[in-house]
Amino acid sequence: MPRTSKLNLIKNIRTLYSPLQPTIKKSNNSVIYCEHIPHLELQPFIYCYWELRTTSELKQPFTYRVVTDGCIDIFFELKNPNHNFVMGFCKKYTEFPLENSFHYIGVRFLPTIFPQVFKTDASLLSNKFQLLSNISAATSEFIADTYSADVFLNKVTSTFDEYFLDLINEKNFENDNRLYDAINIILQNFGVINLEKDIDTGISHRQLRRLFTYYIGDTPKSFSKVVRFQNILKAKPSTQSLRKNKLFYDLGYYDQAHFIKDFKNFYGVTPSKAFGR
């Protein structure tokens with residue numbers, strides 16, 4: 001398949017999928033989480049650059065909860081850029097104990113992109129974070145040499161734009177289009193599908209599972225469940241509507257208990273606590 005067609009398949013992911021990280025409430029002015037859109041040419045590959053920081057020193061250490069979003073992230077503390085990390089696809093939420101003052105920067109890659117850019121098996125990164133230097137010494141060194149506590153955010157994003165434009169333009173994206181056909185089916189159906197019946201892209205389920213494991217970090221089933229969860233977050237249902245409208249049936253759950261269990265596994269709290277209204 002020509003490079004242009006390949007890139008069109010990749011671009012479709014961003015059109016259909018918006019991974020959310022909603023656990024920092026806007027009312028908490030002491031800790032701020034912001035997302036920044038990358039250069040237009042990078043948007044099919046990088047969902048956002050993100051920033052998590054304190055506006056003043058907290059009275060006690062802070063625990064930051066990352067919900068499951070199906071993506072792979074690079075992240076580091078701006079005050080200590082020598083220690084930079086990569087976090088893979090996770091099957092459940094992750095909590096990070098932070099100090100009283102912090103300023104983290106991250107790069108969130110859309111599904112399938114990180115393993116192609118860095119030539120690594122996504123499953124080796126799943127359900128954990130590790131030193132970026134283990135995956136890409138060059139990118140780790142770039143972060144260590146470029147950033148420091150006194151670098152302003154606009155400088156962070158502009159230098160990342162330059163770096164990743166050069167890096168991605170060097171790559172030849174040669175993925176099997178049948179993988180992207182399957183991903184599109186999952187995204188178009190909001191993760192609510194029968195994998196055996198609804199996905200027929202010309203390869204066996206065993207081959208498809210192998211592709212998902214390498215390029216996403218887990219199975220089509222796991223990815224579908226994350227997409228379904230993320231679409232719940234995007235819908236922002238109220239606690240009342242969850243009970244009254246029986247939303248969990250529409251989402252493919254047989255009962256409310258199963259729905260709550262899955263949601264808590266991905267988010268860290270129950271739907272009523274997450275949506276709080």
# chains A, B, ... in the order shown; residues from 1 in each chain; ligands from 1
$ closest_atom_pairs --of "region 51-83 of chain A" --to "region 122-136 of chain A" --cutoff "9 Å" --atoms "only C-alpha atoms" --output "tab-separated table"
residue	atom	partner	partner_atom	distance
A:Ile72	CA	A:Leu125	CA	8.4
A:Ile74	CA	A:Leu132	CA	7.4
A:Phe75	CA	A:Leu132	CA	8.8
A:His83	CA	A:Leu131	CA	7.3
$ write_last_selection --atoms "C-alpha atoms" --output "short mmCIF file (atom, residue, chain, number, x, y, z; two decimals), in the first residue's frame"
data_model
loop_
_atom_site.label_atom_id
_atom_site.label_comp_id
_atom_site.auth_asym_id
_atom_site.auth_seq_id
_atom_site.Cartn_x
_atom_site.Cartn_y
_atom_site.Cartn_z
CA ILE A 72 1.84 5.13 25.16
CA ILE A 74 6.86 9.66 27.31
CA PHE A 75 7.11 11.74 30.47
CA HIS A 83 15.18 10.89 34.45
#
$ select_by_dssp --residues "region 16-255 of chain A" --states "strand (DSSP E)" --output "VMD selection string"
chain A and resid 31 to 36 46 to 54 62 to 66 72 to 77 80 to 87 94 to 98 103 to 109 129 to 131
$ residues_around --residues "Val107 (chain A)" --least-positions-apart "5" --cutoff "10 Å" --atoms "only C-alpha atoms" --output "MDAnalysis selection string"
chainID A and resid 35:36 38 46:51 72:76 86 157 160
$ closest_atom_pairs --of "region 51-118 of chain A" --to "region 168-184 of chain A" --cutoff "12 Å" --atoms "only C-alpha atoms" --output "JSON lines"
{"residue": "A:Gly70", "atom": "CA", "partner": "A:Ile183", "partner_atom": "CA", "distance": 11.8}
{"residue": "A:Phe109", "atom": "CA", "partner": "A:Ile168", "partner_atom": "CA", "distance": 11.9}
{"residue": "A:Leu110", "atom": "CA", "partner": "A:Ile183", "partner_atom": "CA", "distance": 12.0}
{"residue": "A:Pro111", "atom": "CA", "partner": "A:Ile183", "partner_atom": "CA", "distance": 9.3}
{"residue": "A:Thr112", "atom": "CA", "partner": "A:Asn175", "partner_atom": "CA", "distance": 9.0}
{"residue": "A:Ile113", "atom": "CA", "partner": "A:Phe173", "partner_atom": "CA", "distance": 9.0}
{"residue": "A:Phe114", "atom": "CA", "partner": "A:Ile168", "partner_atom": "CA", "distance": 10.2}
{"residue": "A:Pro115", "atom": "CA", "partner": "A:Phe173", "partner_atom": "CA", "distance": 10.5}
{"residue": "A:Gln116", "atom": "CA", "partner": "A:Phe173", "partner_atom": "CA", "distance": 6.9}
{"residue": "A:Val117", "atom": "CA", "partner": "A:Ile168", "partner_atom": "CA", "distance": 6.5}
{"residue": "A:Phe118", "atom": "CA", "partner": "A:Lys171", "partner_atom": "CA", "distance": 9.3}
$ closest_atom_pairs --of "region 78-183 of chain A" --to "region 60-63 of chain A" --cutoff "10 Å" --atoms "only C-alpha atoms" --output "tab-separated table"
residue	atom	partner	partner_atom	distance
A:Glu95	CA	A:Thr63	CA	6.4
A:Phe96	CA	A:Thr63	CA	5.5
A:Pro97	CA	A:Thr63	CA	4.4
A:Leu98	CA	A:Phe62	CA	5.1
A:Glu99	CA	A:Pro61	CA	4.6
A:Asn100	CA	A:Pro61	CA	4.6
A:Ser101	CA	A:Pro61	CA	8.0
A:Phe102	CA	A:Phe62	CA	9.4
$ write_last_selection --atoms "N, CA and C atoms" --output "PDB file, in the first residue's frame"
ATOM      1  N   GLU A  95      -1.546   4.758  39.772  1.00  0.00           N
ATOM      2  CA  GLU A  95      -1.374   5.889  40.683  1.00  0.00           C
ATOM      3  C   GLU A  95       0.107   6.186  40.866  1.00  0.00           C
ATOM      4  N   PHE A  96       0.443   7.483  40.762  1.00  0.00           N
ATOM      5  CA  PHE A  96       1.811   7.934  40.930  1.00  0.00           C
ATOM      6  C   PHE A  96       1.906   8.809  42.183  1.00  0.00           C
ATOM      7  N   PRO A  97       2.659   8.377  43.185  1.00  0.00           N
ATOM      8  CA  PRO A  97       2.879   9.237  44.356  1.00  0.00           C
ATOM      9  C   PRO A  97       3.891  10.330  44.007  1.00  0.00           C
ATOM     10  N   LEU A  98       3.481  11.588  44.102  1.00  0.00           N
ATOM     11  CA  LEU A  98       4.341  12.714  43.750  1.00  0.00           C
ATOM     12  C   LEU A  98       4.675  13.526  45.001  1.00  0.00           C
ATOM     13  N   GLU A  99       5.612  14.438  44.848  1.00  0.00           N
ATOM     14  CA  GLU A  99       6.019  15.261  45.981  1.00  0.00           C
ATOM     15  C   GLU A  99       5.099  16.472  46.136  1.00  0.00           C
ATOM     16  N   ASN A 100       5.478  17.388  47.025  1.00  0.00           N
ATOM     17  CA  ASN A 100       4.661  18.572  47.311  1.00  0.00           C
ATOM     18  C   ASN A 100       4.700  19.598  46.179  1.00  0.00           C
ATOM     19  N   SER A 101       5.737  19.518  45.375  1.00  0.00           N
ATOM     20  CA  SER A 101       5.895  20.442  44.250  1.00  0.00           C
ATOM     21  C   SER A 101       6.443  19.662  43.060  1.00  0.00           C
ATOM     22  N   PHE A 102       5.856  19.874  41.876  1.00  0.00           N
ATOM     23  CA  PHE A 102       6.300  19.118  40.702  1.00  0.00           C
ATOM     24  C   PHE A 102       5.871  19.831  39.430  1.00  0.00           C
TER      25      PHE A 102
END
$ select_by_dssp --residues "region 45-223 of chain A" --states "helix (DSSP H, G or I)" --output "NGL selection string"
:A and (113-117 or 122-124 or 132-134 or 137-146 or 153-169 or 177-188 or 195-198 or 205-215 or 220-223)
$ write_last_selection --atoms "C-alpha atoms" --output "PDB file, in the first residue's frame"
ATOM      1  CA  ILE A 113       2.531   5.029  16.663  1.00  0.00           C
ATOM      2  CA  PHE A 114       5.158   4.614  19.390  1.00  0.00           C
ATOM      3  CA  PRO A 115       6.258   1.087  18.376  1.00  0.00           C
ATOM      4  CA  GLN A 116       6.655   2.218  14.755  1.00  0.00           C
ATOM      5  CA  VAL A 117       8.632   5.357  15.563  1.00  0.00           C
ATOM      6  CA  ALA A 122       4.523  -2.368  22.461  1.00  0.00           C
ATOM      7  CA  SER A 123       3.757  -5.423  24.604  1.00  0.00           C
ATOM      8  CA  LEU A 124       7.199  -5.076  26.234  1.00  0.00           C
ATOM      9  CA  LEU A 132      13.148   5.864  28.078  1.00  0.00           C
ATOM     10  CA  SER A 133      16.866   5.240  27.592  1.00  0.00           C
ATOM     11  CA  ASN A 134      16.085   1.509  27.480  1.00  0.00           C
ATOM     12  CA  ALA A 137      18.877   6.518  24.064  1.00  0.00           C
ATOM     13  CA  ALA A 138      18.815   9.333  21.499  1.00  0.00           C
ATOM     14  CA  THR A 139      15.402  10.658  22.557  1.00  0.00           C
ATOM     15  CA  SER A 140      16.300  10.292  26.221  1.00  0.00           C
ATOM     16  CA  GLU A 141      19.474  12.312  25.656  1.00  0.00           C
ATOM     17  CA  PHE A 142      17.564  14.951  23.678  1.00  0.00           C
ATOM     18  CA  ILE A 143      15.199  15.495  26.620  1.00  0.00           C
ATOM     19  CA  ALA A 144      18.048  15.564  29.148  1.00  0.00           C
ATOM     20  CA  ASP A 145      20.053  18.061  27.095  1.00  0.00           C
ATOM     21  CA  THR A 146      17.188  20.331  26.009  1.00  0.00           C
ATOM     22  CA  LEU A 153       6.165  25.650  28.133  1.00  0.00           C
ATOM     23  CA  ASN A 154       6.018  27.229  24.665  1.00  0.00           C
ATOM     24  CA  LYS A 155       9.703  26.379  24.267  1.00  0.00           C
ATOM     25  CA  VAL A 156       8.998  22.806  25.361  1.00  0.00           C
ATOM     26  CA  THR A 157       6.281  22.325  22.755  1.00  0.00           C
ATOM     27  CA  SER A 158       8.165  24.046  19.921  1.00  0.00           C
ATOM     28  CA  THR A 159      11.332  22.010  20.450  1.00  0.00           C
ATOM     29  CA  PHE A 160       9.309  18.810  20.689  1.00  0.00           C
ATOM     30  CA  ASP A 161       7.586  19.751  17.428  1.00  0.00           C
ATOM     31  CA  GLU A 162      10.943  20.174  15.711  1.00  0.00           C
ATOM     32  CA  TYR A 163      12.350  16.965  17.140  1.00  0.00           C
ATOM     33  CA  PHE A 164       9.389  14.727  16.337  1.00  0.00           C
ATOM     34  CA  LEU A 165       8.832  16.232  12.877  1.00  0.00           C
ATOM     35  CA  ASP A 166      12.381  15.235  11.984  1.00  0.00           C
ATOM     36  CA  LEU A 167      12.055  11.842  13.647  1.00  0.00           C
ATOM     37  CA  ILE A 168       8.717  10.884  12.122  1.00  0.00           C
ATOM     38  CA  ASN A 169       9.576  12.149   8.645  1.00  0.00           C
ATOM     39  CA  ASN A 177      -3.722  -2.186   6.615  1.00  0.00           C
ATOM     40  CA  ARG A 178      -5.840  -5.023   8.041  1.00  0.00           C
ATOM     41  CA  LEU A 179      -4.728  -3.943  11.519  1.00  0.00           C
ATOM     42  CA  TYR A 180      -6.038  -0.424  10.885  1.00  0.00           C
ATOM     43  CA  ASP A 181      -9.255  -1.748   9.397  1.00  0.00           C
ATOM     44  CA  ALA A 182      -9.827  -3.659  12.647  1.00  0.00           C
ATOM     45  CA  ILE A 183      -8.965  -0.623  14.777  1.00  0.00           C
ATOM     46  CA  ASN A 184     -11.387   1.520  12.754  1.00  0.00           C
ATOM     47  CA  ILE A 185     -14.186  -1.020  13.244  1.00  0.00           C
ATOM     48  CA  ILE A 186     -13.582  -0.976  17.001  1.00  0.00           C
ATOM     49  CA  LEU A 187     -13.485   2.828  17.158  1.00  0.00           C
ATOM     50  CA  GLN A 188     -16.524   3.310  14.917  1.00  0.00           C
ATOM     51  CA  LEU A 195     -14.837  -9.618  18.052  1.00  0.00           C
ATOM     52  CA  GLU A 196     -15.595 -12.980  16.469  1.00  0.00           C
ATOM     53  CA  LYS A 197     -18.449 -11.718  14.274  1.00  0.00           C
ATOM     54  CA  ASP A 198     -17.817  -8.022  13.695  1.00  0.00           C
ATOM     55  CA  HIS A 205      -8.008 -13.853  14.831  1.00  0.00           C
ATOM     56  CA  ARG A 206      -4.667 -15.286  15.929  1.00  0.00           C
ATOM     57  CA  GLN A 207      -2.785 -13.105  13.419  1.00  0.00           C
ATOM     58  CA  LEU A 208      -4.861 -10.066  14.372  1.00  0.00           C
ATOM     59  CA  ARG A 209      -4.140 -10.668  18.049  1.00  0.00           C
ATOM     60  CA  ARG A 210      -0.422 -10.800  17.223  1.00  0.00           C
ATOM     61  CA  LEU A 211      -0.604  -7.458  15.395  1.00  0.00           C
ATOM     62  CA  PHE A 212      -2.523  -5.796  18.218  1.00  0.00           C
ATOM     63  CA  THR A 213      -0.096  -7.119  20.810  1.00  0.00           C
ATOM     64  CA  TYR A 214       2.890  -5.713  18.920  1.00  0.00           C
ATOM     65  CA  TYR A 215       1.458  -2.349  17.805  1.00  0.00           C
ATOM     66  CA  PRO A 220      -8.174  -6.597  20.447  1.00  0.00           C
ATOM     67  CA  LYS A 221     -10.469  -7.473  23.367  1.00  0.00           C
ATOM     68  CA  SER A 222      -8.483  -5.358  25.834  1.00  0.00           C
ATOM     69  CA  PHE A 223      -8.279  -2.451  23.398  1.00  0.00           C
TER      70      PHE A 223
END
$ residues_around --residues "Arg53 (chain A)" --least-positions-apart "4" --cutoff "10 Å" --atoms "only C-alpha atoms" --output "list in words"
Ser30, Val31, Ile32, Tyr33, Cys34, Glu77, Leu78, Ser101, Phe102, His103, Tyr104 and Ile105 of chain A
$ atom_distance --atom1 "CA of Thr94 (chain A)" --atom2 "CA of Lys225 (chain A)"
16.6 Å
$ closest_residue --among "A:Thr201, A:Asn29, A:Thr15, A:Asn231" --to "Leu58 (chain A)" --atoms "only C-alpha atoms"
A:Asn29
